[in-house]
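Shown next: work_9.cif, containing mmCIF, N, CA and C atoms.
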```cif
data_my_file
loop_
_atom_site.group_PDB
_atom_site.id
_atom_site.type_symbol
_atom_site.label_atom_id
_atom_site.label_comp_id
_atom_site.auth_asym_id
_atom_site.auth_seq_id
_atom_site.Cartn_x
_atom_site.Cartn_y
_atom_site.Cartn_z
ATOM 1 N N MET A 1 -3.398 7.059 18.267
ATOM 2 C CA MET A 1 -3.003 6.426 17.011
ATOM 3 C C MET A 1 -3.881 5.196 16.768
ATOM 4 N N ASN A 2 -4.273 5.033 15.521
ATOM 5 C CA ASN A 2 -5.090 3.900 15.117
ATOM 6 C C ASN A 2 -4.251 2.935 14.287
ATOM 7 N N THR A 3 -4.732 1.700 14.189
ATOM 8 C CA THR A 3 -4.069 0.701 13.372
ATOM 9 C C THR A 3 -4.778 0.613 12.029
ATOM 10 N N TYR A 4 -3.988 0.610 10.953
ATOM 11 C CA TYR A 4 -4.514 0.568 9.594
ATOM 12 C C TYR A 4 -3.853 -0.561 8.813
ATOM 13 N N GLU A 5 -4.551 -1.036 7.798
ATOM 14 C CA GLU A 5 -3.994 -2.015 6.875
ATOM 15 C C GLU A 5 -3.765 -1.324 5.535
ATOM 16 N N LEU A 6 -2.586 -1.518 4.972
ATOM 17 C CA LEU A 6 -2.198 -0.883 3.723
ATOM 18 C C LEU A 6 -1.883 -1.963 2.696
ATOM 19 N N MET A 7 -2.479 -1.861 1.519
ATOM 20 C CA MET A 7 -2.191 -2.782 0.424
ATOM 21 C C MET A 7 -1.661 -1.969 -0.742
ATOM 22 N N LEU A 8 -0.515 -2.373 -1.262
ATOM 23 C CA LEU A 8 0.098 -1.708 -2.414
ATOM 24 C C LEU A 8 0.143 -2.671 -3.586
ATOM 25 N N LEU A 9 -0.195 -2.185 -4.761
ATOM 26 C CA LEU A 9 -0.039 -2.942 -5.999
ATOM 27 C C LEU A 9 1.093 -2.290 -6.776
ATOM 28 N N ILE A 10 2.149 -3.054 -6.990
ATOM 29 C CA ILE A 10 3.348 -2.516 -7.623
ATOM 30 C C ILE A 10 3.446 -3.037 -9.056
ATOM 31 N N ASN A 11 3.919 -2.172 -9.950
ATOM 32 C CA ASN A 11 4.094 -2.487 -11.361
ATOM 33 C C ASN A 11 4.903 -3.777 -11.519
ATOM 34 N N PRO A 12 4.396 -4.759 -12.271
ATOM 35 C CA PRO A 12 5.099 -6.040 -12.415
ATOM 36 C C PRO A 12 6.269 -5.986 -13.391
ATOM 37 N N GLN A 13 6.412 -4.894 -14.129
ATOM 38 C CA GLN A 13 7.447 -4.820 -15.150
ATOM 39 C C GLN A 13 8.787 -4.309 -14.616
ATOM 40 N N ILE A 14 8.880 -4.078 -13.316
ATOM 41 C CA ILE A 14 10.160 -3.636 -12.745
ATOM 42 C C ILE A 14 10.874 -4.845 -12.129
ATOM 43 N N SER A 15 12.153 -4.706 -11.911
ATOM 44 C CA SER A 15 12.956 -5.822 -11.393
ATOM 45 C C SER A 15 12.714 -6.021 -9.893
ATOM 46 N N ASP A 16 13.188 -7.152 -9.375
ATOM 47 C CA ASP A 16 13.043 -7.450 -7.947
ATOM 48 C C ASP A 16 13.772 -6.424 -7.086
ATOM 49 N N ALA A 17 14.918 -5.953 -7.558
ATOM 50 C CA ALA A 17 15.659 -4.930 -6.808
ATOM 51 C C ALA A 17 14.862 -3.630 -6.739
ATOM 52 N N GLU A 18 14.205 -3.271 -7.841
ATOM 53 C CA GLU A 18 13.396 -2.055 -7.851
ATOM 54 C C GLU A 18 12.158 -2.204 -6.967
ATOM 55 N N ILE A 19 11.615 -3.416 -6.892
ATOM 56 C CA ILE A 19 10.478 -3.666 -5.990
ATOM 57 C C ILE A 19 10.904 -3.426 -4.548
ATOM 58 N N LEU A 20 12.095 -3.900 -4.188
ATOM 59 C CA LEU A 20 12.609 -3.667 -2.828
ATOM 60 C C LEU A 20 12.813 -2.180 -2.557
ATOM 61 N N GLU A 21 13.257 -1.440 -3.576
ATOM 62 C CA GLU A 21 13.413 0.015 -3.437
ATOM 63 C C GLU A 21 12.063 0.694 -3.204
ATOM 64 N N VAL A 22 11.028 0.243 -3.916
ATOM 65 C CA VAL A 22 9.684 0.808 -3.743
ATOM 66 C C VAL A 22 9.181 0.531 -2.332
ATOM 67 N N ILE A 23 9.459 -0.662 -1.822
ATOM 68 C CA ILE A 23 9.037 -1.005 -0.458
ATOM 69 C C ILE A 23 9.746 -0.115 0.556
ATOM 70 N N GLU A 24 11.047 0.084 0.390
ATOM 71 C CA GLU A 24 11.800 0.949 1.307
ATOM 72 C C GLU A 24 11.315 2.397 1.216
ATOM 73 N N LYS A 25 11.026 2.859 0.017
ATOM 74 C CA LYS A 25 10.517 4.217 -0.167
ATOM 75 C C LYS A 25 9.136 4.356 0.501
ATOM 76 N N SER A 26 8.333 3.309 0.409
ATOM 77 C CA SER A 26 7.011 3.312 1.049
ATOM 78 C C SER A 26 7.141 3.393 2.566
ATOM 79 N N LYS A 27 8.081 2.648 3.114
ATOM 80 C CA LYS A 27 8.315 2.702 4.566
ATOM 81 C C LYS A 27 8.771 4.100 4.979
ATOM 82 N N LYS A 28 9.597 4.733 4.142
ATOM 83 C CA LYS A 28 10.060 6.094 4.443
ATOM 84 C C LYS A 28 8.897 7.080 4.424
ATOM 85 N N ILE A 29 7.982 6.920 3.476
ATOM 86 C CA ILE A 29 6.792 7.777 3.433
ATOM 87 C C ILE A 29 6.013 7.644 4.737
ATOM 88 N N LEU A 30 5.877 6.424 5.209
ATOM 89 C CA LEU A 30 5.128 6.184 6.444
ATOM 90 C C LEU A 30 5.838 6.777 7.657
ATOM 91 N N THR A 31 7.142 6.564 7.761
ATOM 92 C CA THR A 31 7.862 7.094 8.923
ATOM 93 C C THR A 31 7.952 8.618 8.885
ATOM 94 N N ASP A 32 8.025 9.199 7.696
ATOM 95 C CA ASP A 32 8.024 10.663 7.586
ATOM 96 C C ASP A 32 6.694 11.254 8.051
ATOM 97 N N ALA A 33 5.619 10.463 7.925
ATOM 98 C CA ALA A 33 4.294 10.916 8.356
ATOM 99 C C ALA A 33 4.028 10.515 9.813
ATOM 100 N N LYS A 34 5.086 10.166 10.542
ATOM 101 C CA LYS A 34 4.997 9.782 11.951
ATOM 102 C C LYS A 34 4.175 8.503 12.161
ATOM 103 N N ALA A 35 4.173 7.612 11.164
ATOM 104 C CA ALA A 35 3.489 6.327 11.272
ATOM 105 C C ALA A 35 4.514 5.250 11.594
ATOM 106 N N GLU A 36 4.027 4.157 12.163
ATOM 107 C CA GLU A 36 4.891 3.049 12.552
ATOM 108 C C GLU A 36 4.455 1.798 11.805
ATOM 109 N N VAL A 37 5.398 1.124 11.145
ATOM 110 C CA VAL A 37 5.091 -0.111 10.422
ATOM 111 C C VAL A 37 5.161 -1.257 11.430
ATOM 112 N N LEU A 38 4.022 -1.915 11.653
ATOM 113 C CA LEU A 38 3.951 -3.019 12.605
ATOM 114 C C LEU A 38 4.271 -4.358 11.962
ATOM 115 N N ALA A 39 3.831 -4.549 10.719
ATOM 116 C CA ALA A 39 4.065 -5.807 10.014
ATOM 117 C C ALA A 39 4.123 -5.539 8.516
ATOM 118 N N GLU A 40 4.845 -6.405 7.833
ATOM 119 C CA GLU A 40 4.984 -6.285 6.375
ATOM 120 C C GLU A 40 4.971 -7.685 5.793
ATOM 121 N N ASP A 41 4.266 -7.854 4.689
ATOM 122 C CA ASP A 41 4.195 -9.156 4.042
ATOM 123 C C ASP A 41 4.220 -8.958 2.530
ATOM 124 N N LYS A 42 5.179 -9.588 1.875
ATOM 125 C CA LYS A 42 5.257 -9.552 0.416
ATOM 126 C C LYS A 42 4.412 -10.724 -0.092
ATOM 127 N N LEU A 43 3.262 -10.425 -0.664
ATOM 128 C CA LEU A 43 2.344 -11.470 -1.105
ATOM 129 C C LEU A 43 2.685 -12.009 -2.483
ATOM 130 N N GLY A 44 3.565 -11.341 -3.190
ATOM 131 C CA GLY A 44 4.028 -11.824 -4.482
ATOM 132 C C GLY A 44 3.197 -11.324 -5.647
ATOM 133 N N ARG A 45 3.492 -11.892 -6.793
ATOM 134 C CA ARG A 45 2.853 -11.496 -8.044
ATOM 135 C C ARG A 45 1.534 -12.254 -8.194
ATOM 136 N N LYS A 46 0.472 -11.502 -8.495
ATOM 137 C CA LYS A 46 -0.850 -12.109 -8.673
ATOM 138 C C LYS A 46 -1.530 -11.487 -9.884
ATOM 139 N N LYS A 47 -2.433 -12.244 -10.467
ATOM 140 C CA LYS A 47 -3.180 -11.799 -11.647
ATOM 141 C C LYS A 47 -4.373 -10.956 -11.194
ATOM 142 N N PHE A 48 -4.643 -9.874 -11.931
ATOM 143 C CA PHE A 48 -5.786 -9.007 -11.652
ATOM 144 C C PHE A 48 -7.041 -9.565 -12.317
ATOM 145 N N ALA A 49 -8.199 -9.196 -11.780
ATOM 146 C CA ALA A 49 -9.466 -9.557 -12.410
ATOM 147 C C ALA A 49 -9.682 -8.730 -13.675
ATOM 148 N N HIS A 50 -9.169 -7.511 -13.682
ATOM 149 C CA HIS A 50 -9.238 -6.639 -14.856
ATOM 150 C C HIS A 50 -7.967 -5.801 -14.904
ATOM 151 N N ALA A 51 -7.683 -5.229 -16.040
ATOM 152 C CA ALA A 51 -6.442 -4.471 -16.231
ATOM 153 C C ALA A 51 -6.411 -3.223 -15.353
ATOM 154 N N VAL A 52 -5.257 -2.978 -14.758
ATOM 155 C CA VAL A 52 -5.011 -1.774 -13.964
ATOM 156 C C VAL A 52 -3.847 -1.053 -14.630
ATOM 157 N N LYS A 53 -4.127 0.119 -15.191
ATOM 158 C CA LYS A 53 -3.131 0.891 -15.934
ATOM 159 C C LYS A 53 -2.419 0.023 -16.974
ATOM 160 N N LYS A 54 -3.214 -0.737 -17.717
ATOM 161 C CA LYS A 54 -2.778 -1.605 -18.809
ATOM 162 C C LYS A 54 -1.935 -2.788 -18.360
ATOM 163 N N ASN A 55 -1.974 -3.143 -17.072
ATOM 164 C CA ASN A 55 -1.260 -4.311 -16.547
ATOM 165 C C ASN A 55 -2.281 -5.376 -16.166
ATOM 166 N N ARG A 56 -1.964 -6.632 -16.457
ATOM 167 C CA ARG A 56 -2.858 -7.746 -16.121
ATOM 168 C C ARG A 56 -2.472 -8.430 -14.817
ATOM 169 N N ASP A 57 -1.304 -8.097 -14.263
ATOM 170 C CA ASP A 57 -0.895 -8.640 -12.971
ATOM 171 C C ASP A 57 -0.048 -7.606 -12.246
ATOM 172 N N GLY A 58 0.258 -7.882 -10.983
ATOM 173 C CA GLY A 58 1.045 -6.937 -10.201
ATOM 174 C C GLY A 58 1.610 -7.603 -8.965
ATOM 175 N N PHE A 59 2.515 -6.924 -8.321
ATOM 176 C CA PHE A 59 3.161 -7.424 -7.108
ATOM 177 C C PHE A 59 2.445 -6.804 -5.906
ATOM 178 N N TYR A 60 1.936 -7.643 -5.010
ATOM 179 C CA TYR A 60 1.169 -7.187 -3.855
ATOM 180 C C TYR A 60 2.052 -7.080 -2.610
ATOM 181 N N ILE A 61 1.898 -5.978 -1.891
ATOM 182 C CA ILE A 61 2.575 -5.764 -0.607
ATOM 183 C C ILE A 61 1.505 -5.399 0.417
ATOM 184 N N TYR A 62 1.528 -6.074 1.568
ATOM 185 C CA TYR A 62 0.604 -5.786 2.663
ATOM 186 C C TYR A 62 1.407 -5.245 3.840
ATOM 187 N N MET A 63 0.915 -4.179 4.463
ATOM 188 C CA MET A 63 1.559 -3.621 5.662
ATOM 189 C C MET A 63 0.497 -3.295 6.697
ATOM 190 N N LYS A 64 0.818 -3.561 7.941
ATOM 191 C CA LYS A 64 -0.021 -3.130 9.056
ATOM 192 C C LYS A 64 0.697 -1.938 9.669
ATOM 193 N N VAL A 65 -0.035 -0.827 9.814
ATOM 194 C CA VAL A 65 0.565 0.455 10.163
ATOM 195 C C VAL A 65 -0.189 1.083 11.323
ATOM 196 N N LYS A 66 0.537 1.740 12.194
ATOM 197 C CA LYS A 66 -0.072 2.531 13.259
ATOM 198 C C LYS A 66 0.180 3.991 12.919
ATOM 199 N N ALA A 67 -0.913 4.765 12.786
ATOM 200 C CA ALA A 67 -0.788 6.169 12.368
ATOM 201 C C ALA A 67 -1.921 6.992 12.970
ATOM 202 N N THR A 68 -1.723 8.298 12.932
ATOM 203 C CA THR A 68 -2.778 9.203 13.391
ATOM 204 C C THR A 68 -3.724 9.481 12.224
ATOM 205 N N PRO A 69 -4.998 9.715 12.496
ATOM 206 C CA PRO A 69 -5.938 10.017 11.405
ATOM 207 C C PRO A 69 -5.544 11.258 10.606
ATOM 208 N N GLU A 70 -4.875 12.211 11.239
ATOM 209 C CA GLU A 70 -4.467 13.432 10.549
ATOM 210 C C GLU A 70 -3.400 13.172 9.482
ATOM 211 N N SER A 71 -2.588 12.139 9.673
ATOM 212 C CA SER A 71 -1.497 11.870 8.742
ATOM 213 C C SER A 71 -1.945 11.085 7.510
ATOM 214 N N LEU A 72 -3.160 10.570 7.505
ATOM 215 C CA LEU A 72 -3.620 9.722 6.403
ATOM 216 C C LEU A 72 -3.664 10.453 5.066
ATOM 217 N N LYS A 73 -4.042 11.710 5.088
ATOM 218 C CA LYS A 73 -4.141 12.475 3.845
ATOM 219 C C LYS A 73 -2.771 12.561 3.155
ATOM 220 N N ASP A 74 -1.724 12.864 3.928
ATOM 221 C CA ASP A 74 -0.369 12.931 3.367
ATOM 222 C C ASP A 74 0.099 11.571 2.874
ATOM 223 N N ILE A 75 -0.189 10.536 3.634
ATOM 224 C CA ILE A 75 0.235 9.195 3.251
ATOM 225 C C ILE A 75 -0.408 8.795 1.928
ATOM 226 N N LYS A 76 -1.710 8.985 1.804
ATOM 227 C CA LYS A 76 -2.418 8.623 0.576
ATOM 228 C C LYS A 76 -1.910 9.440 -0.615
ATOM 229 N N ARG A 77 -1.668 10.722 -0.404
ATOM 230 C CA ARG A 77 -1.185 11.584 -1.487
ATOM 231 C C ARG A 77 0.187 11.128 -1.962
ATOM 232 N N ASN A 78 1.078 10.823 -1.031
ATOM 233 C CA ASN A 78 2.436 10.409 -1.402
ATOM 234 C C ASN A 78 2.456 9.065 -2.119
ATOM 235 N N PHE A 79 1.568 8.139 -1.734
ATOM 236 C CA PHE A 79 1.507 6.870 -2.461
ATOM 237 C C PHE A 79 0.963 7.080 -3.864
ATOM 238 N N GLY A 80 0.056 8.025 -4.035
ATOM 239 C CA GLY A 80 -0.470 8.335 -5.355
ATOM 240 C C GLY A 80 0.579 8.933 -6.281
ATOM 241 N N LEU A 81 1.605 9.571 -5.697
ATOM 242 C CA LEU A 81 2.664 10.189 -6.488
ATOM 243 C C LEU A 81 3.793 9.227 -6.849
ATOM 244 N N GLN A 82 3.834 8.060 -6.219
ATOM 245 C CA GLN A 82 4.898 7.102 -6.515
ATOM 246 C C GLN A 82 4.713 6.533 -7.914
ATOM 247 N N GLU A 83 5.792 6.502 -8.651
ATOM 248 C CA GLU A 83 5.768 6.101 -10.052
ATOM 249 C C GLU A 83 5.385 4.629 -10.250
ATOM 250 N N HIS A 84 5.905 3.726 -9.428
ATOM 251 C CA HIS A 84 5.721 2.294 -9.650
ATOM 252 C C HIS A 84 4.554 1.698 -8.869
ATOM 253 N N VAL A 85 3.858 2.496 -8.076
ATOM 254 C CA VAL A 85 2.694 2.002 -7.341
ATOM 255 C C VAL A 85 1.466 2.190 -8.229
ATOM 256 N N LEU A 86 0.855 1.064 -8.625
ATOM 257 C CA LEU A 86 -0.323 1.130 -9.481
ATOM 258 C C LEU A 86 -1.548 1.568 -8.688
ATOM 259 N N ARG A 87 -1.719 0.998 -7.515
ATOM 260 C CA ARG A 87 -2.837 1.329 -6.632
ATOM 261 C C ARG A 87 -2.396 1.167 -5.188
ATOM 262 N N SER A 88 -3.054 1.895 -4.310
ATOM 263 C CA SER A 88 -2.846 1.715 -2.874
ATOM 264 C C SER A 88 -4.197 1.814 -2.183
ATOM 265 N N MET A 89 -4.351 1.050 -1.116
ATOM 266 C CA MET A 89 -5.589 1.083 -0.353
ATOM 267 C C MET A 89 -5.225 1.056 1.126
ATOM 268 N N LEU A 90 -5.788 1.987 1.873
ATOM 269 C CA LEU A 90 -5.518 2.122 3.296
ATOM 270 C C LEU A 90 -6.854 2.093 4.031
ATOM 271 N N ILE A 91 -7.041 1.085 4.883
ATOM 272 C CA ILE A 91 -8.283 0.979 5.644
ATOM 273 C C ILE A 91 -7.961 0.772 7.115
ATOM 274 N N LYS A 92 -8.910 1.131 7.963
ATOM 275 C CA LYS A 92 -8.732 0.950 9.389
ATOM 276 C C LYS A 92 -8.831 -0.537 9.713
ATOM 277 N N ALA A 93 -7.871 -1.041 10.479
ATOM 278 C CA ALA A 93 -7.836 -2.463 10.820
ATOM 279 C C ALA A 93 -9.023 -2.813 11.701
ATOM 280 N N GLY A 94 -9.598 -3.939 11.429
ATOM 281 C CA GLY A 94 -10.729 -4.398 12.226
ATOM 282 C C GLY A 94 -12.045 -3.773 11.839
ATOM 283 N N ALA A 95 -12.036 -2.910 10.845
ATOM 284 C CA ALA A 95 -13.270 -2.260 10.407
ATOM 285 C C ALA A 95 -14.141 -3.274 9.678
ATOM 286 N N GLU A 96 -15.360 -3.371 10.099
ATOM 287 C CA GLU A 96 -16.310 -4.283 9.463
ATOM 288 C C GLU A 96 -16.951 -3.570 8.277
ATOM 289 N N PRO A 97 -17.186 -4.296 7.179
ATOM 290 C CA PRO A 97 -17.856 -3.664 6.045
ATOM 291 C C PRO A 97 -19.285 -3.265 6.423
ATOM 292 N N VAL A 98 -19.733 -2.178 5.879
ATOM 293 C CA VAL A 98 -21.085 -1.694 6.151
ATOM 294 C C VAL A 98 -22.065 -2.545 5.356
ATOM 295 N N LYS A 99 -23.041 -3.121 6.053
ATOM 296 C CA LYS A 99 -24.056 -3.936 5.398
ATOM 297 C C LYS A 99 -25.287 -3.099 5.129
ATOM 298 N N LYS A 100 -25.705 -3.107 3.890
ATOM 299 C CA LYS A 100 -26.906 -2.361 3.524
ATOM 300 C C LYS A 100 -28.115 -3.275 3.670
ATOM 301 N N ALA A 101 -29.172 -2.716 4.190
ATOM 302 C CA ALA A 101 -30.387 -3.504 4.412
ATOM 303 C C ALA A 101 -31.193 -3.660 3.152
#
```

Since I need it in another form, could you write the structure as structure tokens?
Amino acid sequence: MNTYELMLLINPQISDAEILEVIEKSKKILTDAKAEVLAEDKLGRKKFAHAVKKNRDGFYIYMKVKATPESLKDIKRNFGLQEHVLRSMLIKAGAEPVKKA
């Protein structure tokens, strides 16, 4: 199992209770895919540099996850199907960006 970092951008037009529901649903997606949530941080509402699905801001959620590489495809697909998740990004923790010469 590898460690991954997950960032979710949640629709800002939903209530705080619905945001908590989206977070719980996200955790269920991860546990159903045999992943383990190591850490979770609600970063709050932030302004975007450009509009994402006609929204100028969104609620950011960060999670550190331990998962198998085989389960990533299902995890990414399920986050793409969530109604209130504007964007999701899953990267391997500790991965250095590739520098082009």

field: strand (DSSP E or B) positions in region 22-69 of chain A, given as JSON, numbers by chain
entry: {"A": [36, 37, 38, 39, 40, 41, 42, 43, 44, 45, 46, 47, 48, 49, 50, 51, 52, 55, 56, 57, 58, 59, 60, 61, 62, 63, 64, 65, 66, 67]}

Residue subset to file, keeping N, CA and C atoms, as an mmCIF file, keeping the file's coordinate frame:
```cif
data_model
loop_
_atom_site.group_PDB
_atom_site.id
_atom_site.type_symbol
_atom_site.label_atom_id
_atom_site.label_comp_id
_atom_site.auth_asym_id
_atom_site.auth_seq_id
_atom_site.Cartn_x
_atom_site.Cartn_y
_atom_site.Cartn_z
ATOM 1 N N GLU A 36 4.027 4.157 12.163
ATOM 2 C CA GLU A 36 4.891 3.049 12.552
ATOM 3 C C GLU A 36 4.455 1.798 11.805
ATOM 4 N N VAL A 37 5.398 1.124 11.145
ATOM 5 C CA VAL A 37 5.091 -0.111 10.422
ATOM 6 C C VAL A 37 5.161 -1.257 11.430
ATOM 7 N N LEU A 38 4.022 -1.915 11.653
ATOM 8 C CA LEU A 38 3.951 -3.019 12.605
ATOM 9 C C LEU A 38 4.271 -4.358 11.962
ATOM 10 N N ALA A 39 3.831 -4.549 10.719
ATOM 11 C CA ALA A 39 4.065 -5.807 10.014
ATOM 12 C C ALA A 39 4.123 -5.539 8.516
ATOM 13 N N GLU A 40 4.845 -6.405 7.833
ATOM 14 C CA GLU A 40 4.984 -6.285 6.375
ATOM 15 C C GLU A 40 4.971 -7.685 5.793
ATOM 16 N N ASP A 41 4.266 -7.854 4.689
ATOM 17 C CA ASP A 41 4.195 -9.156 4.042
ATOM 18 C C ASP A 41 4.220 -8.958 2.530
ATOM 19 N N LYS A 42 5.179 -9.588 1.875
ATOM 20 C CA LYS A 42 5.257 -9.552 0.416
ATOM 21 C C LYS A 42 4.412 -10.724 -0.092
ATOM 22 N N LEU A 43 3.262 -10.425 -0.664
ATOM 23 C CA LEU A 43 2.344 -11.470 -1.105
ATOM 24 C C LEU A 43 2.685 -12.009 -2.483
ATOM 25 N N GLY A 44 3.565 -11.341 -3.190
ATOM 26 C CA GLY A 44 4.028 -11.824 -4.482
ATOM 27 C C GLY A 44 3.197 -11.324 -5.647
ATOM 28 N N ARG A 45 3.492 -11.892 -6.793
ATOM 29 C CA ARG A 45 2.853 -11.496 -8.044
ATOM 30 C C ARG A 45 1.534 -12.254 -8.194
ATOM 31 N N LYS A 46 0.472 -11.502 -8.495
ATOM 32 C CA LYS A 46 -0.850 -12.109 -8.673
ATOM 33 C C LYS A 46 -1.530 -11.487 -9.884
ATOM 34 N N LYS A 47 -2.433 -12.244 -10.467
ATOM 35 C CA LYS A 47 -3.180 -11.799 -11.647
ATOM 36 C C LYS A 47 -4.373 -10.956 -11.194
ATOM 37 N N PHE A 48 -4.643 -9.874 -11.931
ATOM 38 C CA PHE A 48 -5.786 -9.007 -11.652
ATOM 39 C C PHE A 48 -7.041 -9.565 -12.317
ATOM 40 N N ALA A 49 -8.199 -9.196 -11.780
ATOM 41 C CA ALA A 49 -9.466 -9.557 -12.410
ATOM 42 C C ALA A 49 -9.682 -8.730 -13.675
ATOM 43 N N HIS A 50 -9.169 -7.511 -13.682
ATOM 44 C CA HIS A 50 -9.238 -6.639 -14.856
ATOM 45 C C HIS A 50 -7.967 -5.801 -14.904
ATOM 46 N N ALA A 51 -7.683 -5.229 -16.040
ATOM 47 C CA ALA A 51 -6.442 -4.471 -16.231
ATOM 48 C C ALA A 51 -6.411 -3.223 -15.353
ATOM 49 N N VAL A 52 -5.257 -2.978 -14.758
ATOM 50 C CA VAL A 52 -5.011 -1.774 -13.964
ATOM 51 C C VAL A 52 -3.847 -1.053 -14.630
ATOM 52 N N ASN A 55 -1.974 -3.143 -17.072
ATOM 53 C CA ASN A 55 -1.260 -4.311 -16.547
ATOM 54 C C ASN A 55 -2.281 -5.376 -16.166
ATOM 55 N N ARG A 56 -1.964 -6.632 -16.457
ATOM 56 C CA ARG A 56 -2.858 -7.746 -16.121
ATOM 57 C C ARG A 56 -2.472 -8.430 -14.817
ATOM 58 N N ASP A 57 -1.304 -8.097 -14.263
ATOM 59 C CA ASP A 57 -0.895 -8.640 -12.971
ATOM 60 C C ASP A 57 -0.048 -7.606 -12.246
ATOM 61 N N GLY A 58 0.258 -7.882 -10.983
ATOM 62 C CA GLY A 58 1.045 -6.937 -10.201
ATOM 63 C C GLY A 58 1.610 -7.603 -8.965
ATOM 64 N N PHE A 59 2.515 -6.924 -8.321
ATOM 65 C CA PHE A 59 3.161 -7.424 -7.108
ATOM 66 C C PHE A 59 2.445 -6.804 -5.906
ATOM 67 N N TYR A 60 1.936 -7.643 -5.010
ATOM 68 C CA TYR A 60 1.169 -7.187 -3.855
ATOM 69 C C TYR A 60 2.052 -7.080 -2.610
ATOM 70 N N ILE A 61 1.898 -5.978 -1.891
ATOM 71 C CA ILE A 61 2.575 -5.764 -0.607
ATOM 72 C C ILE A 61 1.505 -5.399 0.417
ATOM 73 N N TYR A 62 1.528 -6.074 1.568
ATOM 74 C CA TYR A 62 0.604 -5.786 2.663
ATOM 75 C C TYR A 62 1.407 -5.245 3.840
ATOM 76 N N MET A 63 0.915 -4.179 4.463
ATOM 77 C CA MET A 63 1.559 -3.621 5.662
ATOM 78 C C MET A 63 0.497 -3.295 6.697
ATOM 79 N N LYS A 64 0.818 -3.561 7.941
ATOM 80 C CA LYS A 64 -0.021 -3.130 9.056
ATOM 81 C C LYS A 64 0.697 -1.938 9.669
ATOM 82 N N VAL A 65 -0.035 -0.827 9.814
ATOM 83 C CA VAL A 65 0.565 0.455 10.163
ATOM 84 C C VAL A 65 -0.189 1.083 11.323
ATOM 85 N N LYS A 66 0.537 1.740 12.194
ATOM 86 C CA LYS A 66 -0.072 2.531 13.259
ATOM 87 C C LYS A 66 0.180 3.991 12.919
ATOM 88 N N ALA A 67 -0.913 4.765 12.786
ATOM 89 C CA ALA A 67 -0.788 6.169 12.368
ATOM 90 C C ALA A 67 -1.921 6.992 12.970
#
```

Each region 24-45 of chain A residue no farther than 7 Å from region 69-82 of chain A, nearest pair in Å, only N, CA and C atoms, as a Markdown table:
```
| residue | atom | partner | partner_atom | distance |
| --- | --- | --- | --- | --- |
| A:Ile29 | C | A:Ile75 | CA | 6.2 |
| A:Leu30 | CA | A:Ile75 | CA | 6.6 |
| A:Ala33 | C | A:Ser71 | CA | 5.8 |
```

Using all atoms of region 8-22 of chain A that appear in the file, construct an axis-aligned enclosing box with 3 Å of padding on every side and provide its centre coordinates and edge lengths in Å, rounded to one decimal, as AutoDock Vina command-line options.
```
--center_x 7.6 --center_y -3.3 --center_z -8.2 --size_x 22.2 --size_y 14.3 --size_z 19.9
```

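Nearest-residue note for Arg56 (chain A): choosing from A:Met1, A:Ile10, A:Ala39, A:Leu90, the minimum distance belongs to A:Ile10, counting only C-alpha atoms.
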
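Coordinates place atom C of Gly44 (chain A) at a distance of 28.3 Å from atom C of Thr68 (chain A).
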
message: When DSSP is applied to the backbone of this structure, which of region 2-100 of chain A are assigned helix (DSSP H, G or I)? Write them out as a ChimeraX atom specification.
response: /A:16-32,69-81

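The space separating atom C of Asn55 (chain A) from CA of Lys92 (chain A) comes to 27.1 Å.
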
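Residues in contact with Ile91 (chain A) at up to 6.5 Å, not including ones fewer than 2 positions away on its chain and judged by all atoms listed in the file, are Thr3, Tyr4, Glu5, Leu6, Met7, Met89 and Ala93 of chain A.
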
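For the file at hand, the PyMOL selection byres ((chain A and resi 11) around 6.5) resolves to Leu9, Ile10, Pro12, Gln13, Ile14, Asp57, Gly58, Phe59, His84, Val85 and Leu86 of chain A.
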
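Remark: for Glu40 (chain A), the closest of the candidate residues A:Ile19, A:Lys25, A:Val52, A:Lys64 is A:Lys64 (distances computed over only C-alpha atoms).
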
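With atom N of Lys53 (chain A) on one side and atom C of Lys28 (chain A) on the other, the separation reads 24.6 Å.
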
message: Please enumerate the residues selected by the PyMOL selection byres ((chain A and resi 35) around 6.5) when evaluated against the supplied file, formatted as a ChimeraX atom specification.
response: /A:30-34,36-37,65-68

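Within the file as shown, the PyMOL selection byres ((chain A and resi 43) around 6.5) identifies Asp41, Lys42, Gly44, Arg45, Lys46, Phe59, Tyr60, Ile61 and Tyr62 of chain A.
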